[in-house]
Amino acid sequence: MLAFVIRRLLQAMIVMLTVAFIAFMLFQFVGDPVTNLMGQDATADQRARLRAELGLDQPFVLQFAHFIGNALQGEFGISLRQGRKVSALIAERFPATLELAAVAAVIGLALGVPLGVYAALRRGKFMSQLVMTGSLLGVSLPNFLIGILLILVFSVLLKWLPSFGRGDVVAIGALNFGLLTWDGIKHLLLPAFTLALFPMALVLRLVRSEMLEVLRTDYIKFARARGLPDRSVYFGHALKNTLVPVITIAGLQLGGIIAFAIITETVFQWPGMGLLFIQAVQFADIPVMAAYLCLIALIFVVINLAVDLLYFAVDPRLRIERSGGH
Amino acid sequence: MASPLLEVQHLRVEFPTRRGTLLALDDVSFSIAPGEILGVVGESGAGKSLTGAAIIGLLEPPGRVAGGQILLDGQRIDNLGPEAMRQIRGRRIGAIFQDPLTSLNPLYTVGRQLVETIQVHLGLDAAAARQRAISLLQSTGIPAAEQRIDQYPHQFSGGMRQRVVIALALAAEPELIVADEPTTALDVSIQAQIIALLKVLTKQQGAAVMLVTHDMGVIAEACDRVAVMYAGRVVEIGPVAQVIHRPAHPYTVGLMGSIPAMDQERERLMQIDGAMPRLNAIPAGCAFNPRCPQVMERCRTQRPDLLDAGATRAACWLHDMKTPA
Amino acid sequence: MASTPSAPLAPTASALARFLDGDVWHSFKQSPTAMVAAVIALVCVVAAVFAPWLAPHNPQDLASLQLMDARLPPAWVADGQARYPLGTDDQGRDILSALMYGARISLLVGLASVALSMVLGVGLGLLAGFVGGRIDSFIMRVCDVMLSFPAILVALLIDGVGRAMFPNAHEALAFTVLILAISLTGWVQYARTVRGSTLVERQKEYVQAARVIGVSPLRIMRRHVLPNVLGPVLVLATIQIASAIITEATLSFLGVGVPPTSPSLGTLIRVGQDFLFSGEWWITIFPGLVLVMIALSVNLLGDWLRDALNPRLR
């Protein structure tokens, strides 16, 4: 098991290095690195000094190492578009995205799993087929369209919920949270639900198909043959076996949520990292793009690693060595 | 004879399909006395497992009981509601299935699965249930039961797992065990051990066993009586020694004849020509008539009931004493 | 219902026709969903491809726009006009025509991306499977890493880099970058599938024999491996068309897709969003509907095709 963890950590580091390399290449060869770091308003003198400081005349590898050193400290230069330090920008926007993603993930799981179980147990019944059709739409409709539809229904027609921005936030330490105010929650609902729909539909379909598979197994048949009550068979034995493969896939969806937040934040003008990134792409703001890339890669790698470890924790077959015996 | 524990009377099981209804069990009747071990033998597809499934009420839909009765201790159980049937399962009728690898939930410890069953049926508290679970494991011959009770199924070998399965089936001390091919998935060397274990334990608890298998060796070793099934019907039934050595039905004769014996010199194995008919193509009259070496005109049109044939009963017109051939 | 299995032995057009003529076509005729999906897809494609001839107006001809006709609702609503069946936008452009032209762009980008990723993926898959060794593991590693990142991120990144490298790109270049970005997100699936099949075929004796005789690997790949992967690749391509179209729509909606001079469905939706609150819902909803129709119908076709080509389900 230790060997497994070490191997995965090594893989993770290789991925991070590759991503850092790509980001580094972006800095060096796309646009002017000095401009990337100093912004557009630097004087010629400042540029020359930075050039020497940066060691742009130094060997490639050294520059790369320098870059990595900076990156590890969160130093990515200055945003071309806004003229502020990239690290400050990202730190400012991160909590908003985190809040959105977390709420979306919770909604996705809290609705996806029970609905999936329902669709499996009541297979063939009308409600269950309705749920399945809904889930098909959920995986087929693009994120931004769902957002627009929700805005149309809940903001324009019904006027229940606001359709852009974050509303009131409460500051805890250096971070802002909208969840703690009613206004903030109202602003959070539509974007979070939009973001949650795809993973929820995915989890729903997965849970349903896994559960149907599990219900056909011998051990479920044996559990019934032992006279165990339905509740134990379905929600004890079947559910646990269903959730093991699902939990890992659901965990991976978390990465997808953070990525798709880009779209949702744009639709709802949610002031998060995703919106920042889109603006960076529109503006060819390399430092922000590179920083976002590295941060996202880190998040993904961490999530992947956590999911792998989770699998180990949940499935005893992977954990314990065989001890044999006749 | 004392009143039978299990009585299956004229059981019919059918499968409605898009292309018509298939009759999988056609007028199956037999009984099992308390503490008796009845073997049910036949080829794949003859309906042995289906009979077991019908008895414990776990027929896979769309299969359903379409006629006949199943009586446990004189009471009908084929028409009970799901909750009443559930209470019978495990408590009065236990079941053992073929593959020990897949019969146990891989994510629960053996102990947890045992304790759960014990608590559901016997209502013991956790500590008492655990004690009972340990002693059950010990009685099925699992060494170091006190430690192994907290292990997961994948940590046991195939034979050990089947012992756990037997422990689970016997946990609530049922009166009848339906064992569906309990040794087929095991090594030959382990098979004998498991069969012996089953015999000992059921004798101890006074439980009857319906032992479904296609292996005549197991039948010979373990059973008191045996029923031979063919194409969804019982074609012969009687004490095991008689059916094996003095089979009365031509199919049984063929079955016994096809088993190679070590003390006989033979150049070719005997075989029965043809194959068992598919469910949608069962011949009229006696189902075996196309393959029977002693077929008569009558066999093609009239279906025989189980007739007295000396020491056994066979569904064959050869043994009809009343009408001259 | 048993028809002779028509296993294509050579990738010629007649073999393809034979293939489609057998079980697959039969299964198509039996599936109402597939037929409906095919009809819808066909209608959309024809409308899109022949937009310049079929569309009632030309939304790109600025001279023909009547500002007086701006913001008209669809024809069946109170103030609508029959001339503009689905209404107009804030500059008087006919929504129906804009839809058809927009769908044209969307389909163009979608199909081009899928074609490119197919070529790339199949090629790399063949290479990995046939050559094996280091190249194989390297390509597979890349696949693994790419699969763990959502497609949209990869597309956004490539698009962003493209923009940074060519800040004042003209249309053709912008399109190229976009198509490249989308195709680089989709090639992985092809590579994996084809690699798998190649590995299987490579073990077979006739391939080994061919190699011994000295038949060039390229020829072997073309004559033996390719026909066997045609089925799954086709299914993949169908499903990927839908996702390519949606990716393009997403990128255009985000403002980083097609250039503004050639609006695709995504661009139309983006522009229309601003008018939701003033009550002019049709400007954004109709493009959305068409997008969903195309994506859903192509997806359903892909689903059906996959089931039809799966020998185990017959």
# chains A, B, ... in the order shown; residues from 1 in each chain; ligands from 1
>>> select_by_dssp(residues="segment 174-272 of chain A", states="helix (DSSP H, G or I)", output="MDAnalysis selection string")
chainID A and resid 182:215 218:225 230:268
>>> residues_around(residues="Pro304 of chain B", least_positions_apart="2", cutoff="7 Å", atoms="only C-alpha atoms", output="mmCIF file with C-alpha atoms, in the first residue's frame")
data_model
loop_
_atom_site.group_PDB
_atom_site.id
_atom_site.type_symbol
_atom_site.label_atom_id
_atom_site.label_comp_id
_atom_site.auth_asym_id
_atom_site.auth_seq_id
_atom_site.Cartn_x
_atom_site.Cartn_y
_atom_site.Cartn_z
ATOM 1 C CA CYS B 286 -43.668 -38.626 -22.392
ATOM 2 C CA GLN B 302 -50.014 -40.075 -23.285
ATOM 3 C CA LEU B 306 -45.284 -41.608 -11.494
ATOM 4 C CA ALA B 315 -43.053 -42.038 -14.886
ATOM 5 C CA CYS B 316 -42.879 -44.656 -17.571
ATOM 6 C CA TRP B 317 -45.560 -46.723 -19.307
#
>>> interface_residues(of="chain A", to="chain C", cutoff="7 Å", atoms="only C-alpha atoms", output="list of chain:residue names")
A:Val30, A:Gly31, A:Ser140, A:Leu141, A:Pro142, A:Leu145, A:Leu152, A:Val156, A:Gly256, A:Ala259, A:Thr266, A:Val281, A:Gln282, A:Ala284
>>> atom_distance(atom1="atom CA of Ala103 of chain C", atom2="atom CA of Val122 of chain C")
27.5 Å
>>> residues_around(residues="Arg161 of chain B", least_positions_apart="6", cutoff="12 Å", atoms="only C-alpha atoms", output="ChimeraX atom specification")
/A:324-326 /B:96-106,109-110,137,140-142,148-149,151-155,167-168,182-183,185-186,190,194
>>> write_last_selection(atoms="C-alpha atoms", output="tab-separated table (two decimals), in the first residue's frame")
chain	number	residue	atom	x	y	z
A	324	GLY	CA	-5.55	-18.26	2.90
A	325	GLY	CA	-6.64	-21.27	4.85
A	326	HIS	CA	-8.87	-24.16	3.92
B	96	ILE	CA	-27.20	-22.66	-0.07
B	97	PHE	CA	-26.15	-21.64	-3.55
B	98	GLN	CA	-23.56	-22.86	-5.92
B	99	ASP	CA	-20.79	-20.32	-5.97
B	100	PRO	CA	-19.25	-19.51	-2.59
B	101	LEU	CA	-17.17	-16.83	-4.25
B	102	THR	CA	-20.17	-14.72	-5.06
B	103	SER	CA	-22.55	-15.77	-2.31
B	104	LEU	CA	-20.97	-13.57	0.30
B	105	ASN	CA	-21.00	-9.80	0.31
B	106	PRO	CA	-17.36	-8.81	-0.21
B	109	THR	CA	-17.04	-9.17	7.41
B	110	VAL	CA	-18.15	-12.72	7.79
B	137	LEU	CA	-18.18	-21.12	12.50
B	140	THR	CA	-18.49	-25.83	10.34
B	141	GLY	CA	-14.87	-26.58	10.91
B	142	ILE	CA	-13.31	-23.16	10.51
B	148	ARG	CA	-11.59	-15.24	11.49
B	149	ILE	CA	-15.04	-14.00	12.30
B	151	GLN	CA	-12.25	-11.21	8.35
B	152	TYR	CA	-13.66	-10.51	4.92
B	153	PRO	CA	-14.81	-13.19	2.50
B	154	HIS	CA	-11.90	-12.73	0.13
B	155	GLN	CA	-9.60	-13.80	2.92
B	167	ALA	CA	-23.03	-21.59	8.73
B	168	LEU	CA	-25.15	-18.74	7.45
B	182	PRO	CA	-23.29	-26.72	-3.16
B	183	THR	CA	-20.14	-28.49	-4.28
B	185	ALA	CA	-17.72	-24.95	-7.78
B	186	LEU	CA	-15.29	-26.61	-5.41
B	190	ILE	CA	-12.97	-30.32	-0.85
B	194	ILE	CA	-18.33	-30.18	2.45
>>> atom_distance(atom1="atom CA of Thr238 of chain C", atom2="atom CA of Ile146 of chain A")
23.1 Å
>>> atom_distance(atom1="atom CA of Pro277 of chain B", atom2="atom CA of Arg300 of chain B")
14.3 Å
